[in-house]
>>> print(open('run-v9.cif').read())   # mmCIF, C-alpha atoms and all ligand atoms
data_my_file
loop_
_atom_site.label_atom_id
_atom_site.label_comp_id
_atom_site.auth_asym_id
_atom_site.auth_seq_id
_atom_site.Cartn_x
_atom_site.Cartn_y
_atom_site.Cartn_z
CA MET Q 16 35.91 -27.38 -27.02
CA ASN Q 17 32.67 -26.17 -25.50
CA PHE Q 18 32.92 -22.65 -24.02
CA THR Q 19 29.90 -22.81 -21.74
CA PRO Q 20 30.63 -23.16 -18.00
CA PRO Q 21 29.67 -26.39 -16.20
CA LYS Q 22 25.95 -26.92 -15.60
CA GLY Q 23 24.64 -24.85 -12.70
CA THR Q 24 27.62 -22.45 -12.68
CA ASP Q 25 27.93 -18.96 -14.13
CA ASP Q 26 30.48 -16.68 -15.73
CA ILE Q 27 29.73 -13.32 -14.20
CA PHE Q 28 30.84 -10.44 -16.39
CA PRO Q 29 30.50 -6.68 -16.20
CA PRO Q 30 28.13 -4.98 -15.73
CA THR Q 31 26.61 -7.73 -13.53
CA SER Q 32 29.91 -8.27 -11.74
CA ARG Q 33 29.85 -4.59 -10.72
CA ALA Q 34 26.65 -5.20 -8.79
CA TRP Q 35 28.33 -8.20 -7.15
CA ARG Q 36 31.31 -6.15 -6.16
CA ARG Q 37 29.20 -3.37 -4.73
CA THR Q 38 27.12 -5.89 -2.79
CA LEU Q 39 30.18 -7.57 -1.34
CA ILE Q 40 31.70 -4.22 -0.32
CA ILE Q 41 28.47 -3.30 1.49
CA TRP Q 42 28.59 -6.68 3.22
CA GLU Q 43 32.22 -6.35 4.28
CA ASN Q 44 31.73 -2.87 5.68
CA LEU Q 45 28.64 -3.95 7.57
CA ALA Q 46 30.28 -7.04 9.08
CA GLU Q 47 33.25 -4.93 10.12
CA ARG Q 48 31.01 -2.32 11.78
CA TYR Q 49 29.37 -5.08 13.82
CA GLY Q 50 32.77 -6.37 14.91
CA TYR Q 51 33.15 -9.49 12.76
CA ASP Q 52 36.66 -10.21 11.52
CA LEU Q 53 37.34 -12.07 8.33
CA VAL Q 54 38.14 -15.79 8.46
CA MET Q 55 39.44 -17.54 5.36
CA GLY Q 56 39.68 -21.30 5.13
CA PRO Q 57 40.00 -23.98 2.49
CA ILE Q 58 37.30 -24.42 -0.13
CA PHE Q 59 37.50 -28.19 0.33
CA GLU Q 60 37.48 -30.06 3.59
CA SER Q 61 37.78 -33.62 4.78
CA THR Q 62 34.37 -35.15 3.95
CA ASP Q 63 33.80 -35.91 7.64
CA VAL Q 64 33.48 -32.22 8.45
CA PHE Q 65 30.23 -32.01 6.51
CA ALA Q 66 29.01 -35.59 6.91
CA ARG Q 67 29.20 -35.19 10.70
CA GLY Q 68 28.66 -31.45 10.94
CA VAL Q 69 25.81 -30.88 8.51
CA GLY Q 70 24.34 -34.32 9.30
CA GLU Q 71 24.20 -37.70 7.54
CA SER Q 72 20.45 -37.59 7.10
CA THR Q 73 20.32 -34.17 5.44
CA GLU Q 74 19.65 -33.64 1.78
CA VAL Q 75 22.93 -31.74 1.45
CA VAL Q 76 25.00 -34.68 2.65
CA GLN Q 77 22.95 -37.43 1.06
CA LYS Q 78 22.61 -35.97 -2.39
CA GLN Q 79 24.37 -32.71 -2.96
CA MET Q 80 28.02 -32.97 -2.05
CA TYR Q 81 30.88 -32.75 -4.52
CA THR Q 82 33.00 -35.46 -2.94
CA PHE Q 83 36.20 -36.78 -4.48
CA GLU Q 84 39.28 -38.73 -3.56
CA ASP Q 85 42.58 -36.91 -3.89
CA LYS Q 86 45.79 -38.53 -5.12
CA GLY Q 87 46.65 -39.47 -1.54
CA GLY Q 88 43.40 -41.41 -1.15
CA ARG Q 89 41.71 -38.87 1.17
CA SER Q 90 38.02 -38.25 0.82
CA LEU Q 91 37.53 -34.53 0.31
CA THR Q 92 34.41 -32.45 -0.32
CA LEU Q 93 33.95 -29.00 -1.86
CA ARG Q 94 32.30 -27.01 0.92
CA PRO Q 95 28.49 -27.00 0.55
CA GLU Q 96 28.18 -24.34 3.27
CA GLY Q 97 30.39 -22.31 5.58
CA THR Q 98 29.45 -22.98 9.19
CA ALA Q 99 30.86 -26.50 9.66
CA SER Q 100 34.22 -25.37 8.19
CA VAL Q 101 34.41 -22.25 10.35
CA VAL Q 102 33.64 -24.24 13.50
CA ARG Q 103 36.24 -26.84 12.48
CA ALA Q 104 38.78 -24.03 12.00
CA PHE Q 105 37.87 -22.45 15.34
CA LEU Q 106 38.36 -25.78 17.12
CA GLY Q 107 41.69 -26.23 15.32
CA SER Q 108 42.90 -22.76 16.32
CA GLY Q 109 42.73 -23.59 20.01
CA VAL Q 110 41.32 -20.12 20.71
CA GLN Q 111 39.25 -19.93 23.89
CA GLY Q 112 36.45 -17.51 24.43
CA GLU Q 113 34.14 -15.60 22.17
CA MET Q 114 35.04 -14.98 18.57
CA LYS Q 115 33.11 -13.10 15.89
CA LEU Q 116 33.98 -14.20 12.37
CA ALA Q 117 32.81 -13.25 8.91
CA TYR Q 118 33.35 -15.24 5.74
CA SER Q 119 32.39 -15.09 2.12
CA GLY Q 120 33.00 -17.26 -0.88
CA PRO Q 121 31.65 -19.88 -3.25
CA MET Q 122 29.79 -22.94 -1.98
CA PHE Q 123 29.00 -26.06 -3.98
CA ARG Q 124 25.91 -28.25 -4.02
CA TYR Q 125 24.81 -30.71 -6.65
CA GLU Q 126 21.29 -29.34 -7.12
CA ARG Q 127 18.84 -29.26 -9.96
CA PRO Q 128 19.84 -25.88 -11.38
CA GLN Q 129 17.33 -23.09 -11.91
CA ALA Q 130 17.27 -19.33 -11.38
CA GLY Q 131 18.57 -18.73 -7.85
CA ARG Q 132 19.51 -22.37 -7.36
CA ARG Q 133 23.02 -22.96 -8.60
CA ARG Q 134 25.62 -25.68 -8.22
CA GLN Q 135 28.24 -23.08 -7.42
CA PHE Q 136 26.75 -20.19 -5.46
CA TYR Q 137 28.13 -17.48 -3.24
CA GLN Q 138 27.45 -17.03 0.44
CA THR Q 139 28.50 -14.36 2.87
CA GLY Q 140 28.02 -15.10 6.52
CA VAL Q 141 28.94 -14.49 10.11
CA GLU Q 142 29.46 -16.83 13.04
CA TYR Q 143 29.31 -15.64 16.64
CA LEU Q 144 31.21 -18.40 18.45
CA ALA Q 145 31.51 -19.49 22.05
CA THR Q 146 28.48 -17.67 23.39
CA ALA Q 147 25.05 -18.98 24.25
CA ALA Q 148 23.67 -15.51 25.00
CA PRO Q 149 20.42 -14.58 23.23
CA ASP Q 150 21.87 -11.13 22.44
CA ALA Q 151 24.24 -12.87 20.03
CA ASP Q 152 21.29 -14.46 18.19
CA ALA Q 153 19.57 -11.10 17.97
CA GLU Q 154 22.69 -9.37 16.70
CA VAL Q 155 23.23 -11.97 13.99
CA ILE Q 156 19.59 -11.73 12.90
CA GLU Q 157 19.90 -7.95 12.82
CA ILE Q 158 22.99 -8.01 10.57
CA GLY Q 159 21.21 -9.96 7.84
CA TYR Q 160 18.26 -7.60 8.04
CA ARG Q 161 20.45 -4.47 7.89
CA PHE Q 162 22.34 -5.93 4.94
CA LEU Q 163 19.14 -6.26 2.93
CA GLU Q 164 18.05 -2.84 4.14
CA GLU Q 165 21.32 -1.25 2.95
CA LEU Q 166 20.93 -2.99 -0.39
CA GLY Q 167 17.60 -1.23 -0.74
CA PHE Q 168 15.22 -4.18 -0.49
CA PRO Q 169 11.74 -2.71 -0.23
CA ALA Q 170 10.27 -5.56 1.79
CA VAL Q 171 11.99 -8.24 3.80
CA GLU Q 172 10.39 -10.66 6.21
CA VAL Q 173 12.41 -12.27 8.94
CA ALA Q 174 10.81 -15.64 9.65
CA LEU Q 175 11.75 -16.76 13.15
CA ASN Q 176 11.36 -19.95 15.12
CA SER Q 177 12.88 -21.89 17.98
CA ILE Q 178 13.22 -25.63 17.61
CA GLY Q 179 14.41 -26.31 21.15
CA ASP Q 180 17.51 -28.12 22.34
CA ALA Q 181 18.61 -31.63 23.31
CA ALA Q 182 16.45 -31.42 26.44
CA CYS Q 183 13.13 -30.51 24.88
CA ARG Q 184 13.40 -31.32 21.21
CA PRO Q 185 13.01 -35.13 21.52
CA ALA Q 186 9.45 -34.74 22.86
CA TYR Q 187 8.61 -32.43 19.97
CA VAL Q 188 10.18 -34.74 17.38
CA GLU Q 189 8.20 -37.65 18.82
CA ALA Q 190 4.93 -35.69 18.66
CA LEU Q 191 5.76 -34.71 15.09
CA ARG Q 192 6.53 -38.32 14.14
CA ILE Q 193 3.16 -39.47 15.49
CA TYR Q 194 1.38 -36.66 13.64
CA LEU Q 195 3.23 -37.38 10.38
CA ASN Q 196 2.48 -41.09 10.62
CA GLU Q 197 -1.20 -40.21 10.74
CA LYS Q 198 -0.72 -38.17 7.56
CA ARG Q 199 1.30 -40.79 5.69
CA GLU Q 200 -1.03 -40.91 2.71
CA LEU Q 201 -0.44 -37.20 2.07
CA LEU Q 202 3.36 -37.36 2.13
CA CYS Q 203 5.66 -37.60 -0.88
CA ASP Q 204 7.99 -40.60 -1.23
CA GLU Q 205 10.99 -38.64 -0.10
CA SER Q 206 9.27 -37.47 3.08
CA LEU Q 207 8.10 -41.02 3.80
CA ALA Q 208 11.71 -42.13 3.53
CA THR Q 209 12.96 -39.51 6.03
CA LEU Q 210 9.97 -39.65 8.38
CA GLU Q 211 11.62 -42.10 10.79
CA THR Q 212 15.20 -40.81 10.67
CA ASN Q 213 14.53 -37.06 10.52
CA PRO Q 214 10.87 -36.03 10.81
CA LEU Q 215 11.86 -32.35 11.05
CA ARG Q 216 13.02 -32.53 7.46
CA VAL Q 217 9.49 -33.37 6.34
CA LEU Q 218 8.42 -29.87 7.44
CA ASP Q 219 11.05 -28.49 5.07
CA CYS Q 220 9.54 -30.32 2.08
CA LYS Q 221 7.89 -27.83 -0.27
CA VAL Q 222 5.54 -30.51 -1.63
CA CYS Q 223 4.27 -31.74 1.73
CA ALA Q 224 4.23 -28.43 3.65
CA PRO Q 225 0.75 -27.34 2.47
CA HIS Q 226 -0.73 -30.53 4.02
CA LEU Q 227 0.97 -29.97 7.35
CA ILE Q 228 -0.39 -26.62 8.47
CA ASP Q 229 -1.81 -28.10 11.67
CA SER Q 230 1.35 -29.98 12.67
CA PRO Q 231 2.62 -29.70 16.25
CA LYS Q 232 4.67 -26.55 16.85
CA ALA Q 233 8.16 -26.71 18.30
CA VAL Q 234 7.52 -23.57 20.35
CA ASP Q 235 4.79 -25.43 22.30
CA TYR Q 236 7.36 -27.98 23.46
CA LEU Q 237 10.18 -25.63 24.53
CA CYS Q 238 11.69 -26.19 27.96
CA GLY Q 239 11.88 -23.20 30.31
CA GLU Q 240 15.42 -22.28 29.28
CA CYS Q 241 14.73 -22.46 25.56
CA ALA Q 242 11.51 -20.49 25.99
CA SER Q 243 13.24 -17.69 27.91
CA HIS Q 244 16.13 -17.65 25.39
CA PHE Q 245 13.60 -17.24 22.60
CA ALA Q 246 11.72 -14.53 24.47
CA SER Q 247 14.95 -12.56 25.02
CA ILE Q 248 15.80 -12.67 21.32
CA ARG Q 249 12.38 -11.32 20.42
CA GLU Q 250 12.74 -8.57 23.00
CA ARG Q 251 16.13 -7.54 21.60
CA LEU Q 252 14.82 -7.55 18.05
CA ASP Q 253 11.91 -5.35 19.11
CA GLY Q 254 14.39 -3.07 20.84
CA VAL Q 255 16.53 -2.52 17.74
CA GLY Q 256 13.56 -2.28 15.40
CA VAL Q 257 13.99 -5.47 13.41
CA PRO Q 258 10.54 -6.80 12.47
CA TYR Q 259 9.99 -10.55 12.39
CA ARG Q 260 7.20 -13.03 11.89
CA LEU Q 261 6.99 -16.15 14.05
CA GLU Q 262 7.06 -19.15 11.75
CA PRO Q 263 6.33 -22.28 13.77
CA ARG Q 264 7.18 -24.68 10.95
CA LEU Q 265 10.55 -23.19 10.02
CA VAL Q 266 13.17 -25.86 10.74
CA ARG Q 267 15.80 -25.38 8.00
CA GLY Q 268 17.52 -28.19 6.21
CA LEU Q 269 20.75 -28.64 8.13
CA ASP Q 270 20.89 -30.89 11.18
CA TYR Q 271 23.03 -28.77 13.41
CA TYR Q 272 20.48 -26.15 14.42
CA THR Q 273 19.38 -25.87 18.04
CA ARG Q 274 16.97 -23.35 19.45
CA THR Q 275 16.96 -20.42 17.02
CA ALA Q 276 16.21 -20.82 13.32
CA PHE Q 277 15.52 -17.91 10.99
CA GLU Q 278 15.21 -17.04 7.37
CA TYR Q 279 15.02 -13.83 5.32
CA ILE Q 280 12.27 -13.78 2.73
CA ALA Q 281 12.35 -11.18 -0.04
CA THR Q 282 8.62 -10.67 -0.34
CA GLY Q 283 7.20 -9.48 -3.61
CA PHE Q 284 9.79 -11.52 -5.47
CA ASP Q 285 7.79 -14.12 -7.29
CA ALA Q 286 10.50 -16.53 -8.35
CA ALA Q 287 10.62 -19.78 -6.43
CA GLN Q 288 13.79 -18.84 -4.59
CA ASN Q 289 12.78 -15.91 -2.41
CA ALA Q 290 14.62 -17.18 0.68
CA VAL Q 291 17.69 -14.99 0.35
CA GLY Q 292 19.40 -15.98 3.57
CA GLY Q 293 19.06 -17.79 6.83
CA GLY Q 294 20.75 -19.17 9.84
CA GLY Q 295 20.41 -20.26 13.39
CA ARG Q 296 22.04 -21.46 16.56
CA TYR Q 297 24.16 -24.60 16.54
CA ASP Q 298 25.17 -25.36 20.11
CA GLY Q 299 25.85 -29.05 19.44
CA LEU Q 300 27.93 -28.67 16.28
CA ALA Q 301 31.40 -28.44 17.84
CA GLU Q 302 30.79 -31.63 19.81
CA THR Q 303 29.45 -33.40 16.73
CA LEU Q 304 32.79 -32.59 15.10
CA GLY Q 305 34.59 -34.21 18.04
CA GLY Q 306 35.47 -31.03 19.92
CA PRO Q 307 34.44 -29.59 23.26
CA ALA Q 308 31.00 -27.98 23.63
CA VAL Q 309 31.20 -24.58 21.92
CA PRO Q 310 27.89 -22.84 21.39
CA GLY Q 311 27.45 -20.55 18.43
CA VAL Q 312 25.02 -18.78 16.17
CA GLY Q 313 25.40 -17.66 12.57
CA LEU Q 314 23.82 -16.75 9.29
CA ALA Q 315 24.48 -17.15 5.59
CA MET Q 316 23.21 -14.80 2.91
CA GLY Q 317 22.89 -16.12 -0.65
CA ILE Q 318 24.36 -13.43 -2.88
CA ASP Q 319 23.16 -14.97 -6.17
CA ARG Q 320 19.58 -14.86 -4.93
CA ILE Q 321 19.94 -11.43 -3.40
CA LEU Q 322 21.07 -9.93 -6.71
CA LEU Q 323 18.38 -11.80 -8.58
CA ALA Q 324 15.69 -10.61 -6.19
CA ALA Q 325 16.98 -7.04 -6.24
CA GLY Q 326 17.03 -7.12 -10.04
CA GLN Q 327 20.49 -5.59 -9.90
CA THR Q 328 22.39 -5.72 -13.13
CA GLY Q 329 25.18 -3.30 -12.29
CA ALA Q 330 24.39 -1.32 -15.46
CA ASP Q 331 23.82 1.82 -13.39
CA ILE Q 332 27.22 1.70 -11.71
CA ALA Q 333 29.85 3.81 -13.47
CA PRO Q 334 33.07 1.85 -13.60
CA LEU Q 335 35.33 4.78 -14.57
CA ASP Q 336 35.47 8.42 -13.49
CA LEU Q 337 37.78 9.58 -16.21
CA PHE Q 338 39.12 8.51 -19.57
CA VAL Q 339 42.38 10.12 -20.59
CA VAL Q 340 42.20 11.01 -24.28
CA VAL Q 341 45.55 11.77 -25.89
CA ALA Q 342 44.98 14.31 -28.67
CA SER Q 343 48.69 15.00 -29.30
CA PRO Q 344 50.51 11.67 -29.81
CA GLU Q 345 53.86 13.17 -28.72
CA LEU Q 346 52.31 13.70 -25.25
CA ARG Q 347 51.38 10.04 -24.83
CA GLU Q 348 54.16 9.28 -22.37
CA ARG Q 349 53.30 12.35 -20.29
CA ALA Q 350 49.67 11.31 -20.39
CA ALA Q 351 50.60 7.86 -19.05
CA GLY Q 352 52.36 9.51 -16.10
CA PHE Q 353 49.34 11.77 -15.55
CA LEU Q 354 47.05 8.71 -15.59
CA SER Q 355 49.21 7.03 -12.95
CA ASP Q 356 49.05 10.17 -10.77
CA LEU Q 357 45.25 10.29 -11.09
CA ARG Q 358 44.90 6.65 -10.07
CA ARG Q 359 47.08 7.21 -7.03
CA ALA Q 360 44.89 10.18 -6.16
CA GLY Q 361 41.87 7.84 -5.99
CA VAL Q 362 40.38 8.48 -9.43
CA ARG Q 363 39.12 5.46 -11.36
CA ALA Q 364 40.86 6.29 -14.61
CA ASP Q 365 42.03 4.62 -17.78
CA MET Q 366 43.20 5.17 -21.36
CA THR Q 367 43.51 3.05 -24.49
CA PRO Q 368 46.48 0.65 -24.54
CA ASP Q 369 47.81 2.15 -27.77
CA GLN Q 370 47.56 5.44 -29.63
CA ARG Q 371 44.35 5.83 -31.67
CA SER Q 372 42.45 8.64 -33.30
CA VAL Q 373 40.71 11.01 -30.86
CA LYS Q 374 37.36 9.73 -32.12
CA ALA Q 375 38.36 6.12 -31.43
CA GLN Q 376 39.51 7.08 -27.94
CA PHE Q 377 36.14 8.70 -27.19
CA ARG Q 378 34.43 5.56 -28.49
CA ALA Q 379 36.54 3.53 -26.05
CA ALA Q 380 35.59 5.94 -23.22
CA ASN Q 381 31.90 5.40 -23.97
CA ARG Q 382 32.29 1.65 -24.20
CA ARG Q 383 33.94 1.72 -20.78
CA LYS Q 384 31.11 3.90 -19.43
CA ALA Q 385 33.45 6.64 -18.18
CA THR Q 386 31.60 9.64 -16.76
CA GLY Q 387 34.29 12.13 -17.80
CA ALA Q 388 37.26 12.61 -20.13
CA ALA Q 389 40.47 14.63 -19.91
CA ILE Q 390 41.87 15.62 -23.27
CA ILE Q 391 45.65 15.92 -23.37
CA GLY Q 392 46.47 18.40 -26.17
CA ASP Q 393 48.38 21.62 -26.78
CA GLU Q 394 47.10 23.15 -23.52
CA TRP Q 395 49.26 20.64 -21.65
CA ASN Q 396 52.28 22.90 -22.25
CA SER Q 397 50.64 25.55 -20.08
CA SER Q 398 49.71 22.87 -17.48
CA ARG Q 399 46.07 22.81 -18.46
CA VAL Q 400 43.70 20.22 -19.91
CA VAL Q 401 40.20 20.23 -21.33
CA VAL Q 402 37.84 18.07 -19.28
CA ARG Q 403 34.50 16.96 -20.65
CA ASN Q 404 31.44 15.65 -18.83
CA LEU Q 405 30.50 12.70 -21.04
CA THR Q 406 26.86 12.81 -20.03
CA THR Q 407 26.23 16.50 -20.77
CA SER Q 408 29.16 17.04 -23.22
CA ILE Q 409 29.98 20.28 -21.35
CA GLN Q 410 33.71 21.06 -21.53
CA GLU Q 411 35.97 23.32 -19.50
CA LEU Q 412 39.62 24.18 -19.43
CA ILE Q 413 41.17 23.55 -16.00
CA SER Q 414 44.64 23.25 -14.54
CA VAL Q 415 46.28 19.82 -14.34
CA GLU Q 416 46.18 19.91 -10.52
CA GLU Q 417 42.40 20.33 -10.53
CA VAL Q 418 41.63 17.28 -12.66
CA ALA Q 419 41.50 14.68 -9.88
CA GLU Q 420 39.05 16.77 -7.87
CA TRP Q 421 36.98 17.52 -10.96
CA ALA Q 422 36.78 13.81 -11.84
CA LYS Q 423 35.61 12.85 -8.36
CA ASN Q 424 32.96 15.56 -8.32
CA ASN Q 425 31.85 14.52 -11.79
CA ARG Q 426 31.14 10.88 -10.68
P1 LIG G 501 21.57 -22.65 3.64
O1 LIG G 501 23.09 -22.74 3.66
O2 LIG G 501 20.96 -23.82 2.93
O3 LIG G 501 21.00 -22.34 4.96
O4 LIG G 501 21.21 -21.43 2.69
C1 LIG G 501 21.43 -20.08 3.04
C2 LIG G 501 21.18 -19.23 1.81
O5 LIG G 501 22.10 -19.58 0.78
C3 LIG G 501 19.81 -19.44 1.16
O6 LIG G 501 18.86 -18.62 1.75
C4 LIG G 501 20.08 -19.05 -0.27
O7 LIG G 501 19.98 -17.67 -0.44
C5 LIG G 501 21.50 -19.48 -0.49
N1 LIG G 501 21.57 -20.78 -1.21
C6 LIG G 501 21.51 -22.01 -0.68
N2 LIG G 501 21.62 -22.94 -1.66
C7 LIG G 501 21.74 -22.27 -2.82
C8 LIG G 501 21.90 -22.65 -4.20
N3 LIG G 501 21.98 -23.92 -4.57
N4 LIG G 501 21.97 -21.67 -5.12
C9 LIG G 501 21.92 -20.37 -4.78
N5 LIG G 501 21.79 -19.95 -3.51
C10 LIG G 501 21.70 -20.87 -2.54
#
>>> encode(input="run-v9.cif", output="structure tokens")
Amino acid sequence: MNFTPPKGTDDIFPPTSRAWRRTLIIWENLAERYGYDLVMGPIFESTDVFARGVGESTEVVQKQMYTFEDKGGRSLTLRPEGTASVVRAFLGSGVQGEMKLAYSGPMFRYERPQAGRRRQFYQTGVEYLATAAPDADAEVIEIGYRFLEELGFPAVEVALNSIGDAACRPAYVEALRIYLNEKRELLCDESLATLETNPLRVLDCKVCAPHLIDSPKAVDYLCGECASHFASIRERLDGVGVPYRLEPRLVRGLDYYTRTAFEYIATGFDAAQNAVGGGGRYDGLAETLGGPAVPGVGLAMGIDRILLAAGQTGADIAPLDLFVVVASPELRERAAGFLSDLRRAGVRADMTPDQRSVKAQFRAANRRKATGAAIIGDEWNSSRVVVRNLTTSIQELISVEEVAEWAKNNR
């Protein structure tokens, strides 16, 4: 038996998992403050949801899906992204009117694995459904920015573009196709293959992009409505102090985007994967899935990449406030009750699962990175314990009732 996880997946242990947990808590609190309620759906969906939703001609659908047949002969796919599933769920719920939803969980894409590009990766995201208002776009863009800000990213660029809608995009796509045909000799095989079916995807190709810096810009082809929508978003972003850079060739890889497309770039991070999140508006998605027209806008943040870019290992996060050290074995049962009281009082506390020497218990406390210890010895009979700061080794004798407060202050 081989104990390594499947290629492109990770076992995430402490202390790294502590950084994950902290990041996800920050995300959840942020989404809640902005009014997004949690939605939880299946991790696999009928293959149609993604084939139709994400788009047949996209790289995700053509090459990256984990598709399988279940015992009932249904074609199912592990979700490669969250938006198509959330929109499917929204349509299924029959809810009318605006809805603000947040999700988080693992996504699956058969990719060539490397740092920041995994086959199982974790996304957190929001979807603002059933509104076409530009304020919704701006709010969604702001959330991703604030998330990175709260995580302490020193420099984040929001790359922003508008790729128009069904009314104005065809003219742009046609202009792009003509341009790309003139550049055929510079394009890679893959781009040549998608040039006719999905010329926008060629702009997304890392190999070809450097040759296409003078390509037509979608913003030059926007109809009046798309142009004013885009202008309003920029105005709102200016108003709330979210900086952005207009990126005329940003199209993003999924087919469902209309109008707004954006990406968060962790600048200064030199690994290949510095795009830590992105999103856009997808006004045609619900109809593509066979539902009524429901506009929406959303984003997805890639947590694996965010932690990689932030260099967060979790080693600096103390997992325990207090280790209960039982110096008098006959007090072990009392100590267990005391431990339970501390935990209920909000202290992150623990003790060894069996009685050991005091030295061995302190070793366990250090291994668990506790910041303090409470030593249960003879003083217990006068309702007092010795507490020790495990960083400074300073000890004091305090009453049992004071321990919870002491432990919290000692964090
Ligand atoms: P997308 O769903 O392709 O728009 O991607 C949104 C974000 O998810 C990206 O900016 C990445 O941070 C993250 N992401 C996408 N694919 C992967 C992957 N294979 N491995 C790790 N993170 C990913």
>>> closest_atom_pairs(input="run-v9.cif", of="chain Q", to="ligand LIG 501 (chain G)", cutoff="8 Å", atoms="only C-alpha atoms and all ligand atoms", output="tab-separated table")
residue	atom	partner	partner_atom	distance
Q:Pro95	CA	G:LIG501	O1	7.5
Q:Glu96	CA	G:LIG501	O1	5.3
Q:Gly97	CA	G:LIG501	O1	7.6
Q:Phe123	CA	G:LIG501	N3	7.4
Q:Arg124	CA	G:LIG501	N3	5.9
Q:Tyr125	CA	G:LIG501	N3	7.6
Q:Glu126	CA	G:LIG501	N3	6.0
Q:Pro128	CA	G:LIG501	N3	7.4
Q:Gly131	CA	G:LIG501	C9	4.8
Q:Arg132	CA	G:LIG501	N4	3.4
Q:Arg133	CA	G:LIG501	N4	3.9
Q:Arg134	CA	G:LIG501	N3	5.4
Q:Gln135	CA	G:LIG501	N4	6.8
Q:Phe136	CA	G:LIG501	C9	4.9
Q:Tyr137	CA	G:LIG501	N5	6.8
Q:Gln138	CA	G:LIG501	O5	5.9
Q:Arg267	CA	G:LIG501	O3	6.7
Q:Gly268	CA	G:LIG501	O2	6.5
Q:Leu269	CA	G:LIG501	O3	7.1
Q:Glu278	CA	G:LIG501	O6	6.9
Q:Tyr279	CA	G:LIG501	O6	7.1
Q:Gln288	CA	G:LIG501	O7	7.5
Q:Asn289	CA	G:LIG501	O7	7.7
Q:Ala290	CA	G:LIG501	O6	4.6
Q:Val291	CA	G:LIG501	O7	3.6
Q:Gly292	CA	G:LIG501	O6	3.3
Q:Gly293	CA	G:LIG501	C1	5.0
Q:Gly294	CA	G:LIG501	O3	5.8
Q:Leu314	CA	G:LIG501	C1	7.5
Q:Ala315	CA	G:LIG501	C1	4.9
Q:Met316	CA	G:LIG501	C2	5.0
Q:Gly317	CA	G:LIG501	O7	3.3
Q:Ile318	CA	G:LIG501	O7	6.6
Q:Asp319	CA	G:LIG501	C9	5.7
Q:Arg320	CA	G:LIG501	O7	5.3
Q:Ile321	CA	G:LIG501	O7	6.9
>>> residues_around(input="run-v9.cif", residues="Pro214 of chain Q", least_positions_apart="3", cutoff="7 Å", atoms="all atoms listed in the file", output="list in words")
Val188, Leu191, Arg192, Thr209, Leu210, Glu211 and Val217 of chain Q
>>> residues_around(input="run-v9.cif", residues="Thr328 of chain Q", least_positions_apart="4", cutoff="9 Å", atoms="only C-alpha atoms", output="PyMOL selection string")
chain Q and resi 29-35+322-323+332
>>> write_last_selection(input="run-v9.cif", atoms="C-alpha atoms", output="CSV table (one decimal), in the coordinates of the input")
chain,number,residue,atom,x,y,z
Q,29,PRO,CA,30.5,-6.7,-16.2
Q,30,PRO,CA,28.1,-5.0,-15.7
Q,31,THR,CA,26.6,-7.7,-13.5
Q,32,SER,CA,29.9,-8.3,-11.7
Q,33,ARG,CA,29.8,-4.6,-10.7
Q,34,ALA,CA,26.6,-5.2,-8.8
Q,35,TRP,CA,28.3,-8.2,-7.2
Q,322,LEU,CA,21.1,-9.9,-6.7
Q,323,LEU,CA,18.4,-11.8,-8.6
Q,332,ILE,CA,27.2,1.7,-11.7
>>> residues_around(input="run-v9.cif", residues="segment 308-312 of chain Q", least_positions_apart="3", cutoff="9 Å", atoms="all atoms listed in the file", output="ChimeraX atom specification")
/Q:102,106,141-147,151-152,155,272,275,294-303
>>> closest_residue(input="run-v9.cif", among="Q:Thr82, Q:Asn17, Q:Asn425, Q:Thr38", to="Gly387 of chain Q", atoms="all atoms listed in the file")
Q:Asn425
>>> residues_around(input="run-v9.cif", residues="segment 168-175 of chain Q", least_positions_apart="4", cutoff="6 Å", atoms="all atoms listed in the file", output="VMD selection string")
chain Q and resid 163 to 164 259 to 262 277 to 282
>>> atom_distance(input="run-v9.cif", atom1="atom CA of Pro368 of chain Q", atom2="atom CA of Glu417 of chain Q")
24.5 Å
>>> axis_aligned_box(input="run-v9.cif", around="segment 322-337 of chain Q", padding_each_side="5 Å", output="JSON")
{"center_x": 26.7, "center_y": -1.1, "center_z": -11.2, "size_x": 32.1, "size_y": 31.4, "size_z": 20.0}
>>> atom_distance(input="run-v9.cif", atom1="atom CA of Ala117 of chain Q", atom2="atom CA of Thr98 of chain Q")
10.3 Å
>>> atom_distance(input="run-v9.cif", atom1="atom CA of Val255 of chain Q", atom2="atom CA of Glu157 of chain Q")
8.1 Å
>>> closest_residue(input="run-v9.cif", among="Q:Asp180, Q:Glu240, Q:Glu411, Q:Glu113", to="Thr273 of chain Q", atoms="only C-alpha atoms")
Q:Asp180
